[in-house]
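> What follows is coords.pdb; its format and atoms are PDB, C-alpha atoms.
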```
MODEL        1
ATOM      1  CA  MET Y   1      90.686  79.765  99.441
ATOM      2  CA  THR Y   2      93.260  82.533  99.830
ATOM      3  CA  PRO Y   3      96.677  81.732  98.302
ATOM      4  CA  ASN Y   4      99.473  80.789 100.673
ATOM      5  CA  PRO Y   5     101.556  83.620 102.102
ATOM      6  CA  SER Y   6     104.796  84.570 100.399
ATOM      7  CA  PRO Y   7     107.792  86.311 101.971
ATOM      8  CA  GLN Y   8     107.259  89.970 102.745
ATOM      9  CA  TRP Y   9     108.797  92.592 100.499
ATOM     10  CA  THR Y  10     112.335  93.536 101.543
ATOM     11  CA  GLY Y  11     113.031  96.675  99.500
ATOM     12  CA  THR Y  12     115.940  95.075  97.636
ATOM     13  CA  SER Y  13     116.037  94.762  93.854
ATOM     14  CA  LYS Y  14     116.265  91.392  92.199
ATOM     15  CA  GLY Y  15     118.285  90.555  89.130
ATOM     16  CA  PRO Y  16     121.874  91.295  88.079
ATOM     17  CA  SER Y  17     123.125  94.870  88.018
ATOM     18  CA  ARG Y  18     124.706  94.169  84.624
ATOM     19  CA  GLY Y  19     121.219  93.617  83.228
ATOM     20  CA  ILE Y  20     120.032  96.977  84.556
ATOM     21  CA  ALA Y  21     123.154  98.636  83.203
ATOM     22  CA  ALA Y  22     122.492  97.071  79.781
ATOM     23  CA  PHE Y  23     118.943  98.453  79.734
ATOM     24  CA  LEU Y  24     120.271 101.872  80.770
ATOM     25  CA  PHE Y  25     122.739 101.827  77.879
ATOM     26  CA  LEU Y  26     120.010 100.766  75.422
ATOM     27  CA  ILE Y  27     117.600 103.482  76.616
ATOM     28  CA  ARG Y  28     120.219 106.211  76.553
ATOM     29  CA  HIS Y  29     121.656 105.407  73.108
ATOM     30  CA  VAL Y  30     118.789 103.754  71.201
ATOM     31  CA  GLY Y  31     115.521 104.576  72.939
ATOM     32  CA  VAL Y  32     112.729 103.222  75.110
ATOM     33  CA  LEU Y  33     110.859 101.182  72.491
ATOM     34  CA  PRO Y  34     113.803  98.847  71.708
ATOM     35  CA  ALA Y  35     114.170  98.318  75.464
ATOM     36  CA  TYR Y  36     110.507  97.266  75.604
ATOM     37  CA  ILE Y  37     111.253  94.611  72.961
ATOM     38  CA  LEU Y  38     114.258  93.246  74.855
ATOM     39  CA  LEU Y  39     112.092  93.158  77.965
ATOM     40  CA  ILE Y  40     109.748  90.537  76.436
ATOM     41  CA  PRO Y  41     112.020  87.489  76.892
ATOM     42  CA  VAL Y  42     113.487  88.848  80.130
ATOM     43  CA  SER Y  43     110.052  89.206  81.763
ATOM     44  CA  PHE Y  44     109.067  85.769  80.432
ATOM     45  CA  VAL Y  45     112.021  84.158  82.212
ATOM     46  CA  TYR Y  46     111.312  86.009  85.462
ATOM     47  CA  CYS Y  47     107.692  84.930  85.294
ATOM     48  CA  LEU Y  48     108.843  81.312  85.020
ATOM     49  CA  ILE Y  49     111.422  81.265  87.806
ATOM     50  CA  ASP Y  50     110.199  83.765  90.433
ATOM     51  CA  LYS Y  51     107.830  81.875  92.734
ATOM     52  CA  SER Y  52     107.143  84.831  95.023
ATOM     53  CA  LEU Y  53     105.998  86.857  92.003
ATOM     54  CA  LYS Y  54     103.522  84.099  91.140
ATOM     55  CA  THR Y  55     102.192  83.966  94.701
ATOM     56  CA  GLY Y  56     101.747  87.737  94.900
ATOM     57  CA  ILE Y  57      99.984  88.051  91.555
ATOM     58  CA  ASP Y  58      97.736  85.084  92.326
ATOM     59  CA  ALA Y  59      96.779  86.659  95.675
ATOM     60  CA  LEU Y  60      95.762  89.871  93.909
ATOM     61  CA  SER Y  61      93.863  87.950  91.223
ATOM     62  CA  HIS Y  62      91.997  86.058  93.938
ATOM     63  CA  HIS Y  63      90.858  89.309  95.577
ATOM     64  CA  LEU Y  64      89.823  90.773  92.227
ATOM     65  CA  ASN Y  65      88.022  87.569  91.152
ATOM     66  CA  LEU Y  66      90.300  87.251  88.124
ATOM     67  CA  LYS Y  67      91.619  84.021  86.624
ATOM     68  CA  CYS Y  68      95.179  83.064  87.550
ATOM     69  CA  THR Y  69      96.842  82.132  84.251
ATOM     70  CA  PHE Y  70     100.429  82.208  83.060
ATOM     71  CA  SER Y  71      99.564  84.804  80.413
ATOM     72  CA  SER Y  72      98.046  87.145  83.013
ATOM     73  CA  ARG Y  73     101.060  86.679  85.295
ATOM     74  CA  TRP Y  74     103.403  87.428  82.414
ATOM     75  CA  GLY Y  75     101.344  90.485  81.454
ATOM     76  CA  HIS Y  76     101.607  91.785  85.011
ATOM     77  CA  CYS Y  77     105.350  91.089  85.121
ATOM     78  CA  TYR Y  78     105.915  92.745  81.736
ATOM     79  CA  THR Y  79     103.936  95.835  82.786
ATOM     80  CA  PHE Y  80     106.120  96.083  85.882
ATOM     81  CA  GLY Y  81     109.242  95.866  83.722
ATOM     82  CA  MET Y  82     107.935  98.651  81.472
ATOM     83  CA  ALA Y  83     107.372 100.851  84.540
ATOM     84  CA  LEU Y  84     110.984 100.281  85.622
ATOM     85  CA  LEU Y  85     112.283 101.104  82.141
ATOM     86  CA  ASP Y  86     110.129 104.246  82.000
ATOM     87  CA  ARG Y  87     111.537 105.320  85.338
ATOM     88  CA  LEU Y  88     115.085 104.875  84.050
ATOM     89  CA  ALA Y  89     114.258 106.694  80.821
ATOM     90  CA  PHE Y  90     112.790 109.657  82.666
ATOM     91  CA  LEU Y  91     115.864 109.867  84.848
ATOM     92  CA  VAL Y  92     118.615 109.500  82.245
ATOM     93  CA  MET Y  93     117.198 110.952  79.003
ATOM     94  CA  ASP Y  94     117.449 114.679  78.327
ATOM     95  CA  LYS Y  95     114.062 114.639  76.579
ATOM     96  CA  PRO Y  96     111.985 111.653  77.719
ATOM     97  CA  PRO Y  97     109.389 110.673  75.076
ATOM     98  CA  PHE Y  98     106.439 110.488  77.464
ATOM     99  CA  ARG Y  99     103.248 112.543  77.327
ATOM    100  CA  PHE Y 100     101.250 113.393  80.437
ATOM    101  CA  THR Y 101      97.705 114.219  81.396
ATOM    102  CA  CYS Y 102      97.255 115.806  84.836
ATOM    103  CA  ILE Y 103      93.846 115.659  86.508
ATOM    104  CA  HIS Y 104      93.224 118.071  89.410
ATOM    105  CA  GLU Y 105      96.841 119.191  89.580
ATOM    106  CA  GLU Y 106      95.463 122.505  90.862
ATOM    107  CA  ARG Y 107      94.647 120.815  94.169
ATOM    108  CA  ILE Y 108      98.365 120.454  94.840
ATOM    109  CA  SER Y 109      99.072 124.065  93.876
ATOM    110  CA  ALA Y 110      96.257 125.270  96.138
ATOM    111  CA  ALA Y 111      97.584 123.209  99.058
ATOM    112  CA  LEU Y 112     101.022 124.790  98.674
ATOM    113  CA  GLN Y 113      99.424 128.197  99.177
ATOM    114  CA  GLU Y 114      98.763 127.261 102.817
ATOM    115  CA  GLY Y 115     102.523 127.307 103.412
ATOM    116  CA  LYS Y 116     102.774 124.180 105.549
ATOM    117  CA  GLY Y 117     104.050 121.798 102.920
ATOM    118  CA  VAL Y 118     102.210 119.034 101.120
ATOM    119  CA  ILE Y 119     102.323 115.289 101.692
ATOM    120  CA  LEU Y 120     101.511 113.337  98.560
ATOM    121  CA  ILE Y 121     100.646 109.756  99.419
ATOM    122  CA  SER Y 122     100.586 107.103  96.767
ATOM    123  CA  ALA Y 123     101.281 103.410  96.287
ATOM    124  CA  HIS Y 124     103.457 101.065  94.263
ATOM    125  CA  ILE Y 125     101.182 101.529  91.306
ATOM    126  CA  GLY Y 126     102.108 102.880  87.895
ATOM    127  CA  SER Y 127     105.223 105.023  88.282
ATOM    128  CA  THR Y 128     105.289 107.244  91.345
ATOM    129  CA  GLU Y 129     108.906 108.262  90.641
ATOM    130  CA  ILE Y 130     107.814 109.843  87.374
ATOM    131  CA  ALA Y 131     105.046 111.702  89.218
ATOM    132  CA  GLY Y 132     107.565 113.271  91.595
ATOM    133  CA  ASN Y 133     109.845 114.373  88.780
ATOM    134  CA  LEU Y 134     106.946 115.681  86.720
ATOM    135  CA  LEU Y 135     105.557 117.765  89.584
ATOM    136  CA  ALA Y 136     108.976 119.170  90.438
ATOM    137  CA  ASP Y 137     109.340 120.371  86.851
ATOM    138  CA  LYS Y 138     105.807 121.774  86.605
ATOM    139  CA  LEU Y 139     105.388 123.366  90.052
ATOM    140  CA  LYS Y 140     109.008 124.515  90.517
ATOM    141  CA  VAL Y 141     108.898 123.243  94.092
ATOM    142  CA  PRO Y 142     111.324 120.728  95.618
ATOM    143  CA  VAL Y 143     109.783 117.250  95.683
ATOM    144  CA  ARG Y 144     111.288 114.919  98.296
ATOM    145  CA  PRO Y 145     110.534 111.220  97.789
ATOM    146  CA  VAL Y 146     110.759 109.127 100.958
ATOM    147  CA  MET Y 147     112.671 105.910 100.329
ATOM    148  CA  LEU Y 148     113.786 102.863 102.271
ATOM    149  CA  ASP Y 149     117.565 102.663 101.915
ATOM    150  CA  ASN Y 150     117.700  98.880 101.673
ATOM    151  CA  GLU Y 151     119.126  98.608  98.175
ATOM    152  CA  ARG Y 152     122.159  96.571  97.126
ATOM    153  CA  ASP Y 153     125.374  98.577  96.783
ATOM    154  CA  ASP Y 154     125.736  97.852  93.065
ATOM    155  CA  MET Y 155     122.169  98.974  92.372
ATOM    156  CA  ARG Y 156     122.552 102.041  94.581
ATOM    157  CA  LYS Y 157     125.489 103.217  92.462
ATOM    158  CA  ILE Y 158     123.467 102.830  89.265
ATOM    159  CA  TYR Y 159     120.457 104.745  90.575
ATOM    160  CA  LYS Y 160     122.570 107.440  92.255
ATOM    161  CA  LYS Y 161     123.929 108.602  88.893
ATOM    162  CA  ALA Y 162     120.393 108.858  87.546
ATOM    163  CA  PHE Y 163     119.115 110.708  90.631
ATOM    164  CA  ASP Y 164     122.007 113.178  90.456
ATOM    165  CA  LYS Y 165     121.189 113.914  86.825
ATOM    166  CA  ARG Y 166     117.630 114.882  87.755
ATOM    167  CA  SER Y 167     118.694 116.740  90.950
ATOM    168  CA  ILE Y 168     116.444 114.508  93.059
ATOM    169  CA  HIS Y 169     117.081 114.565  96.793
ATOM    170  CA  PRO Y 170     115.356 111.615  98.473
ATOM    171  CA  ILE Y 171     114.763 111.360 102.191
ATOM    172  CA  PHE Y 172     116.014 107.959 103.285
ATOM    173  CA  LEU Y 173     114.381 106.285 106.251
ATOM    174  CA  ASP Y 174     116.962 105.457 108.894
ATOM    175  CA  PRO Y 175     116.687 102.517 111.338
ATOM    176  CA  THR Y 176     115.961 104.759 114.342
ATOM    177  CA  GLY Y 177     113.514 106.977 112.469
ATOM    178  CA  PHE Y 178     114.823 110.086 114.257
ATOM    179  CA  GLY Y 179     117.057 111.529 111.532
ATOM    180  CA  SER Y 180     114.524 111.018 108.781
ATOM    181  CA  SER Y 181     111.747 112.479 110.962
ATOM    182  CA  VAL Y 182     113.724 115.694 111.430
ATOM    183  CA  GLU Y 183     114.404 115.889 107.684
ATOM    184  CA  LEU Y 184     110.715 115.333 106.902
ATOM    185  CA  MET Y 185     109.631 118.045 109.340
ATOM    186  CA  ASN Y 186     112.167 120.506 107.914
ATOM    187  CA  ALA Y 187     111.071 119.820 104.341
ATOM    188  CA  LEU Y 188     107.445 120.553 105.203
ATOM    189  CA  ARG Y 189     108.389 123.692 107.154
ATOM    190  CA  ASN Y 190     110.095 124.854 103.955
ATOM    191  CA  ASN Y 191     106.795 124.307 102.120
ATOM    192  CA  GLU Y 192     108.211 121.478 100.041
ATOM    193  CA  ILE Y 193     106.378 118.448  98.687
ATOM    194  CA  VAL Y 194     107.031 115.137 100.417
ATOM    195  CA  CYS Y 195     106.080 111.960  98.543
ATOM    196  CA  MET Y 196     105.302 108.888 100.617
ATOM    197  CA  LEU Y 197     104.102 105.414  99.614
ATOM    198  CA  ALA Y 198     101.428 104.045 101.912
ATOM    199  CA  ASP Y 199     100.821 100.510 100.717
ATOM    200  CA  ARG Y 200     103.721  98.681 102.378
ATOM    201  CA  THR Y 201     104.627  98.317 106.015
ATOM    202  CA  ALA Y 202     108.271  98.766 106.989
ATOM    203  CA  GLY Y 203     108.054  99.054 110.758
ATOM    204  CA  GLY Y 204     106.123 101.632 112.725
ATOM    205  CA  GLN Y 205     102.437 101.740 113.511
ATOM    206  CA  THR Y 206      99.940 100.123 111.173
ATOM    207  CA  GLN Y 207      96.192  99.956 110.840
ATOM    208  CA  LYS Y 208      94.033  97.125 109.521
ATOM    209  CA  VAL Y 209      91.671  98.381 106.820
ATOM    210  CA  ALA Y 210      89.301  96.513 104.510
ATOM    211  CA  PHE Y 211      90.906  96.337 101.058
ATOM    212  CA  LEU Y 212      89.477  94.334  98.155
ATOM    213  CA  GLY Y 213      87.277  92.273 100.438
ATOM    214  CA  GLU Y 214      89.779  91.437 103.194
ATOM    215  CA  GLU Y 215      91.560  93.402 105.885
ATOM    216  CA  ALA Y 216      95.170  94.371 105.200
ATOM    217  CA  SER Y 217      97.766  96.372 107.115
ATOM    218  CA  PHE Y 218      98.582  99.929 106.058
ATOM    219  CA  PRO Y 219     101.153 102.295 107.617
ATOM    220  CA  LYS Y 220      99.895 105.173 109.749
ATOM    221  CA  GLY Y 221     103.126 107.187 109.473
ATOM    222  CA  PRO Y 222     102.132 109.568 106.635
ATOM    223  CA  PHE Y 223      98.911 110.501 108.419
ATOM    224  CA  ALA Y 224     100.653 110.996 111.763
ATOM    225  CA  LEU Y 225     103.129 113.299 110.005
ATOM    226  CA  ALA Y 226     100.278 115.335 108.521
ATOM    227  CA  ARG Y 227      98.666 115.649 111.939
ATOM    228  CA  ALA Y 228     101.939 116.732 113.580
ATOM    229  CA  THR Y 229     102.864 119.355 110.973
ATOM    230  CA  GLY Y 230      99.532 120.629 109.696
ATOM    231  CA  ALA Y 231     100.591 119.746 106.148
ATOM    232  CA  VAL Y 232      97.869 118.997 103.640
ATOM    233  CA  ILE Y 233      97.769 115.355 102.604
ATOM    234  CA  ILE Y 234      96.692 114.454  99.045
ATOM    235  CA  PRO Y 235      96.446 110.950  97.555
ATOM    236  CA  ILE Y 236      97.818 110.827  94.007
ATOM    237  CA  PHE Y 237      98.269 108.064  91.441
ATOM    238  CA  ILE Y 238     100.049 108.079  88.089
ATOM    239  CA  VAL Y 239      99.228 105.185  85.760
ATOM    240  CA  LYS Y 240     100.331 104.259  82.270
ATOM    241  CA  THR Y 241      97.405 104.940  79.933
ATOM    242  CA  GLY Y 242      99.204 104.471  76.607
ATOM    243  CA  LEU Y 243     102.477 103.155  75.248
ATOM    244  CA  LEU Y 244     104.217 106.454  76.043
ATOM    245  CA  HIS Y 245     101.433 108.223  77.933
ATOM    246  CA  TYR Y 246     100.805 108.654  81.668
ATOM    247  CA  THR Y 247      97.850 110.087  83.558
ATOM    248  CA  LEU Y 248      98.315 111.680  86.970
ATOM    249  CA  SER Y 249      95.274 112.237  89.167
ATOM    250  CA  ALA Y 250      95.132 114.019  92.522
ATOM    251  CA  SER Y 251      92.355 113.254  95.003
ATOM    252  CA  LEU Y 252      90.709 115.696  97.387
ATOM    253  CA  GLN Y 253      92.840 117.490  99.952
ATOM    254  CA  GLN Y 254      92.747 116.113 103.477
ATOM    255  CA  HIS Y 255      93.429 118.106 106.656
ATOM    256  CA  ILE Y 256      94.037 116.298 109.927
ATOM    257  CA  ARG Y 257      93.475 119.127 112.377
ATOM    258  CA  SER Y 258      93.022 117.285 115.670
ATOM    259  CA  ARG Y 259      94.609 114.453 117.601
ATOM    260  CA  ASP Y 260      91.372 112.500 117.472
ATOM    261  CA  PRO Y 261      92.367 109.035 116.139
ATOM    262  CA  LEU Y 262      89.032 108.848 114.337
ATOM    263  CA  GLU Y 263      90.101 111.710 112.064
ATOM    264  CA  THR Y 264      93.411 110.007 111.280
ATOM    265  CA  ASN Y 265      91.660 106.696 110.592
ATOM    266  CA  ALA Y 266      89.159 108.424 108.316
ATOM    267  CA  ALA Y 267      92.004 109.893 106.236
ATOM    268  CA  LEU Y 268      93.662 106.476 106.010
ATOM    269  CA  GLN Y 269      90.433 104.791 104.951
ATOM    270  CA  SER Y 270      89.848 107.477 102.323
ATOM    271  CA  PHE Y 271      93.279 106.745 100.837
ATOM    272  CA  VAL Y 272      92.629 102.993 100.855
ATOM    273  CA  LYS Y 273      89.330 103.483  99.017
ATOM    274  CA  ALA Y 274      91.086 105.568  96.366
ATOM    275  CA  LEU Y 275      93.797 102.909  96.046
ATOM    276  CA  GLU Y 276      91.187 100.155  95.815
ATOM    277  CA  ALA Y 277      89.394 101.930  92.951
ATOM    278  CA  THR Y 278      92.689 102.465  91.110
ATOM    279  CA  VAL Y 279      93.796  98.833  91.512
ATOM    280  CA  GLN Y 280      90.421  97.593  90.297
ATOM    281  CA  LYS Y 281      90.753  99.765  87.188
ATOM    282  CA  HIS Y 282      94.454  99.014  86.577
ATOM    283  CA  PRO Y 283      95.191  95.622  88.214
ATOM    284  CA  PHE Y 284      98.359  94.990  86.175
ATOM    285  CA  GLN Y 285      99.881  98.240  87.459
ATOM    286  CA  TRP Y 286      99.900  97.459  91.183
ATOM    287  CA  PHE Y 287     103.368  96.138  91.914
ATOM    288  CA  ASN Y 288     103.248  94.385  95.283
ATOM    289  CA  PHE Y 289     104.560  90.949  94.393
ATOM    290  CA  TYR Y 290     103.855  89.206  97.684
ATOM    291  CA  ASN Y 291     100.666  88.203  99.437
ATOM    292  CA  PHE Y 292      99.682  91.650 100.640
ATOM    293  CA  TRP Y 293      96.941  90.351 102.960
ATOM    294  CA  SER Y 294      99.206  87.905 104.808
ATOM    295  CA  VAL Y 295     101.507  90.543 106.328
TER     296      VAL Y 295
ENDMDL
END
```
For this file, produce the structure as structure tokens.


Amino acid sequence: MTPNPSPQWTGTSKGPSRGIAAFLFLIRHVGVLPAYILLIPVSFVYCLIDKSLKTGIDALSHHLNLKCTFSSRWGHCYTFGMALLDRLAFLVMDKPPFRFTCIHEERISAALQEGKGVILISAHIGSTEIAGNLLADKLKVPVRPVMLDNERDDMRKIYKKAFDKRSIHPIFLDPTGFGSSVELMNALRNNEIVCMLADRTAGGQTQKVAFLGEEASFPKGPFALARATGAVIIPIFIVKTGLLHYTLSASLQQHIRSRDPLETNAALQSFVKALEATVQKHPFQWFNFYNFWSV
């Protein structure tokens, strides 16, 4: 039996801002590894008290035919905490300690040669923020992450300082969608890279697609944008493959050249298959802590 639904993701961080600030201080002045140690009891407490986290992890375990145990829930929660700390470290440290392996990075470079911009679609798996920063440094091309501006004011102030340090310029989705649509179109016309996450619905059109044995809703927005602009769309994932090591992999380029909905649906299904394979290989690194199939 499928686990009971949990509340849908809201895009707002949990936990006190003082705790985040403390981790930032520790990372900046001591290093990432001590922060990992402090994270052990913190993630243990969250695993005990956060019921929605339990429901989301159990739903994923059910679809992967994995046992739902406290140790596996804690492992998933701790891995998520490490991803958040790595993100902070990459943003605030002058020389982050991470090593990277890039697989098929040339596909992104080749897509940029077409001059219509590139849409990188990914999911809340591993650390997509690190991928955007890494590609901006390597390709010397502006990378524009698309974000839902639903964060608490105290958290927004903390992250803004880190974003400014890395010269990151996100595109925030506005309630009407008009302003952000114009900004997205302009970025692609300038042959920039736009990063979009396609595993959560936040309004707009969606499509039901089979995912891990049951249909789930996925947003159609990134694929509609590719169709409207002629930009190449490439699924990418960056996962933690060692204590301080990440692996980025880029899938095959996709062109949506017509307004035939079958072509758009085929591109969406191709992304979902790539996501499914990645989640099966790295289940602890998919960070959707709600019942994904109930939305």

> So, counting all atoms listed in the file, which residue among Y:Pro145, Y:Pro222, Y:Pro170, Y:Gly31 is closest to Ala89 of chain Y?

Y:Gly31

> Pick from Y:Phe287, Y:Phe80, Y:Phe100, Y:Phe44: nearest to Tyr246 of chain Y, with all atoms listed in the file counted?

Y:Phe100

> Please identify all polymer residues within 9 Å of His76 of chain Y, counting all atoms listed in the file, omitting same-chain residues fewer than 2 positions from it, and present them as a list in words.

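Once the nearby chain positions are removed, what remains is Ile57, Ser71, Ser72, Arg73, Trp74, Tyr78, Thr79, Phe80, Gly81, Pro283, Phe284, Gln285, Trp286 and Phe287 of chain Y.
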
> Could you name the residues that touch segment 61-67 of chain Y at 12 Å or less, counting all atoms listed in the file, but leaving out those on the same chain fewer than 6 positions away, as a list of chain:residue names?

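After dropping sequence-adjacent residues, the list is Y:Met1, Y:Thr2, Y:Pro3, Y:Asn4, Y:Lys54, Y:Thr55, Y:Arg73, Y:His76, Y:Ala210, Y:Phe211, Y:Leu212, Y:Gly213, Y:Glu214, Y:Glu215, Y:Ala216, Y:Glu276, Y:Ala277, Y:Val279, Y:Gln280, Y:Lys281, Y:His282, Y:Pro283, Y:Phe284, Y:Trp286, Y:Phe289, Y:Tyr290, Y:Asn291, Y:Phe292, Y:Trp293.
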
> Show which residues sit within 8 Å of Met147 of chain Y, as an MDAnalysis selection string. Count only C-alpha atoms, and ignore same-chain residues fewer than 5 positions away.

chainID Y and resid 170:173 196

> Tell me which of Y:Ala21, Y:Leu39, Y:Leu48, Y:Leu252 sits closest to Ala267 of chain Y, counting all atoms listed in the file.

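Looking at the shortest contact to Ala267 of chain Y, the residue is Y:Leu252.
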
> Just the number, please: distance in Å from atom CA of Ile121 of chain Y to atom CA of Gln269 of chain Y, one decimal.

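About the pair atom CA of Ile121 of chain Y and atom CA of Gln269 of chain Y: they are 12.6 Å apart.
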
> If we count all atoms listed in the file and set the cut-off at 9 Å, which residues sit around segment 230-243 of chain Y, ignoring sequence neighbours fewer than 3 positions away in its own chain? Please answer as a ChimeraX atom specification.

/Y:83,98,102,107-108,111-112,114-123,125-128,130-131,188-189,191,222-223,225-227,246-257,267,270-271,274-275,278,282,285

> Go ahead and write the selection's residues with C-alpha atoms as a PDB file, keeping the file's coordinate frame.


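Result file part-v2.pdb:
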```pdb
ATOM      1  CA  ALA Y  83     107.372 100.851  84.540  1.00  0.00           C
ATOM      2  CA  PHE Y  98     106.439 110.488  77.464  1.00  0.00           C
ATOM      3  CA  CYS Y 102      97.255 115.806  84.836  1.00  0.00           C
ATOM      4  CA  ARG Y 107      94.647 120.815  94.169  1.00  0.00           C
ATOM      5  CA  ILE Y 108      98.365 120.454  94.840  1.00  0.00           C
ATOM      6  CA  ALA Y 111      97.584 123.209  99.058  1.00  0.00           C
ATOM      7  CA  LEU Y 112     101.022 124.790  98.674  1.00  0.00           C
ATOM      8  CA  GLU Y 114      98.763 127.261 102.817  1.00  0.00           C
ATOM      9  CA  GLY Y 115     102.523 127.307 103.412  1.00  0.00           C
ATOM     10  CA  LYS Y 116     102.774 124.180 105.549  1.00  0.00           C
ATOM     11  CA  GLY Y 117     104.050 121.798 102.920  1.00  0.00           C
ATOM     12  CA  VAL Y 118     102.210 119.034 101.120  1.00  0.00           C
ATOM     13  CA  ILE Y 119     102.323 115.289 101.692  1.00  0.00           C
ATOM     14  CA  LEU Y 120     101.511 113.337  98.560  1.00  0.00           C
ATOM     15  CA  ILE Y 121     100.646 109.756  99.419  1.00  0.00           C
ATOM     16  CA  SER Y 122     100.586 107.103  96.767  1.00  0.00           C
ATOM     17  CA  ALA Y 123     101.281 103.410  96.287  1.00  0.00           C
ATOM     18  CA  ILE Y 125     101.182 101.529  91.306  1.00  0.00           C
ATOM     19  CA  GLY Y 126     102.108 102.880  87.895  1.00  0.00           C
ATOM     20  CA  SER Y 127     105.223 105.023  88.282  1.00  0.00           C
ATOM     21  CA  THR Y 128     105.289 107.244  91.345  1.00  0.00           C
ATOM     22  CA  ILE Y 130     107.814 109.843  87.374  1.00  0.00           C
ATOM     23  CA  ALA Y 131     105.046 111.702  89.218  1.00  0.00           C
ATOM     24  CA  LEU Y 188     107.445 120.553 105.203  1.00  0.00           C
ATOM     25  CA  ARG Y 189     108.389 123.692 107.154  1.00  0.00           C
ATOM     26  CA  ASN Y 191     106.795 124.307 102.120  1.00  0.00           C
ATOM     27  CA  PRO Y 222     102.132 109.568 106.635  1.00  0.00           C
ATOM     28  CA  PHE Y 223      98.911 110.501 108.419  1.00  0.00           C
ATOM     29  CA  LEU Y 225     103.129 113.299 110.005  1.00  0.00           C
ATOM     30  CA  ALA Y 226     100.278 115.335 108.521  1.00  0.00           C
ATOM     31  CA  ARG Y 227      98.666 115.649 111.939  1.00  0.00           C
ATOM     32  CA  TYR Y 246     100.805 108.654  81.668  1.00  0.00           C
ATOM     33  CA  THR Y 247      97.850 110.087  83.558  1.00  0.00           C
ATOM     34  CA  LEU Y 248      98.315 111.680  86.970  1.00  0.00           C
ATOM     35  CA  SER Y 249      95.274 112.237  89.167  1.00  0.00           C
ATOM     36  CA  ALA Y 250      95.132 114.019  92.522  1.00  0.00           C
ATOM     37  CA  SER Y 251      92.355 113.254  95.003  1.00  0.00           C
ATOM     38  CA  LEU Y 252      90.709 115.696  97.387  1.00  0.00           C
ATOM     39  CA  GLN Y 253      92.840 117.490  99.952  1.00  0.00           C
ATOM     40  CA  GLN Y 254      92.747 116.113 103.477  1.00  0.00           C
ATOM     41  CA  HIS Y 255      93.429 118.106 106.656  1.00  0.00           C
ATOM     42  CA  ILE Y 256      94.037 116.298 109.927  1.00  0.00           C
ATOM     43  CA  ARG Y 257      93.475 119.127 112.377  1.00  0.00           C
ATOM     44  CA  ALA Y 267      92.004 109.893 106.236  1.00  0.00           C
ATOM     45  CA  SER Y 270      89.848 107.477 102.323  1.00  0.00           C
ATOM     46  CA  PHE Y 271      93.279 106.745 100.837  1.00  0.00           C
ATOM     47  CA  ALA Y 274      91.086 105.568  96.366  1.00  0.00           C
ATOM     48  CA  LEU Y 275      93.797 102.909  96.046  1.00  0.00           C
ATOM     49  CA  THR Y 278      92.689 102.465  91.110  1.00  0.00           C
ATOM     50  CA  HIS Y 282      94.454  99.014  86.577  1.00  0.00           C
ATOM     51  CA  GLN Y 285      99.881  98.240  87.459  1.00  0.00           C
TER      52      GLN Y 285
END
```

> Please supply segment 130-140 of chain Y, rebuilt with N, CA and C atoms, as a JSON list (two decimals), in the frame of the given file.


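Result saved to part31.json:
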```json
[["chain", "number", "residue", "atom", "x", "y", "z"],
["Y", 130, "ILE", "N", 108.06, 108.91, 88.47],
["Y", 130, "ILE", "CA", 107.81, 109.84, 87.37],
["Y", 130, "ILE", "C", 106.92, 110.98, 87.85],
["Y", 131, "ALA", "N", 105.95, 110.66, 88.70],
["Y", 131, "ALA", "CA", 105.05, 111.70, 89.22],
["Y", 131, "ALA", "C", 105.84, 112.75, 89.97],
["Y", 132, "GLY", "N", 106.77, 112.32, 90.83],
["Y", 132, "GLY", "CA", 107.56, 113.27, 91.60],
["Y", 132, "GLY", "C", 108.40, 114.17, 90.70],
["Y", 133, "ASN", "N", 109.04, 113.57, 89.70],
["Y", 133, "ASN", "CA", 109.84, 114.37, 88.78],
["Y", 133, "ASN", "C", 108.98, 115.32, 87.96],
["Y", 134, "LEU", "N", 107.84, 114.85, 87.52],
["Y", 134, "LEU", "CA", 106.95, 115.68, 86.72],
["Y", 134, "LEU", "C", 106.47, 116.89, 87.52],
["Y", 135, "LEU", "N", 106.06, 116.66, 88.76],
["Y", 135, "LEU", "CA", 105.56, 117.76, 89.58],
["Y", 135, "LEU", "C", 106.66, 118.76, 89.92],
["Y", 136, "ALA", "N", 107.86, 118.26, 90.15],
["Y", 136, "ALA", "CA", 108.98, 119.17, 90.44],
["Y", 136, "ALA", "C", 109.23, 120.10, 89.26],
["Y", 137, "ASP", "N", 109.13, 119.56, 88.04],
["Y", 137, "ASP", "CA", 109.34, 120.37, 86.85],
["Y", 137, "ASP", "C", 108.21, 121.37, 86.63],
["Y", 138, "LYS", "N", 106.97, 120.94, 86.90],
["Y", 138, "LYS", "CA", 105.81, 121.77, 86.60],
["Y", 138, "LYS", "C", 105.58, 122.83, 87.68],
["Y", 139, "LEU", "N", 105.72, 122.46, 88.96],
["Y", 139, "LEU", "CA", 105.39, 123.37, 90.05],
["Y", 139, "LEU", "C", 106.59, 124.18, 90.53],
["Y", 140, "LYS", "N", 107.79, 123.81, 90.10],
["Y", 140, "LYS", "CA", 109.01, 124.52, 90.52],
["Y", 140, "LYS", "C", 109.16, 124.53, 92.04]]
```
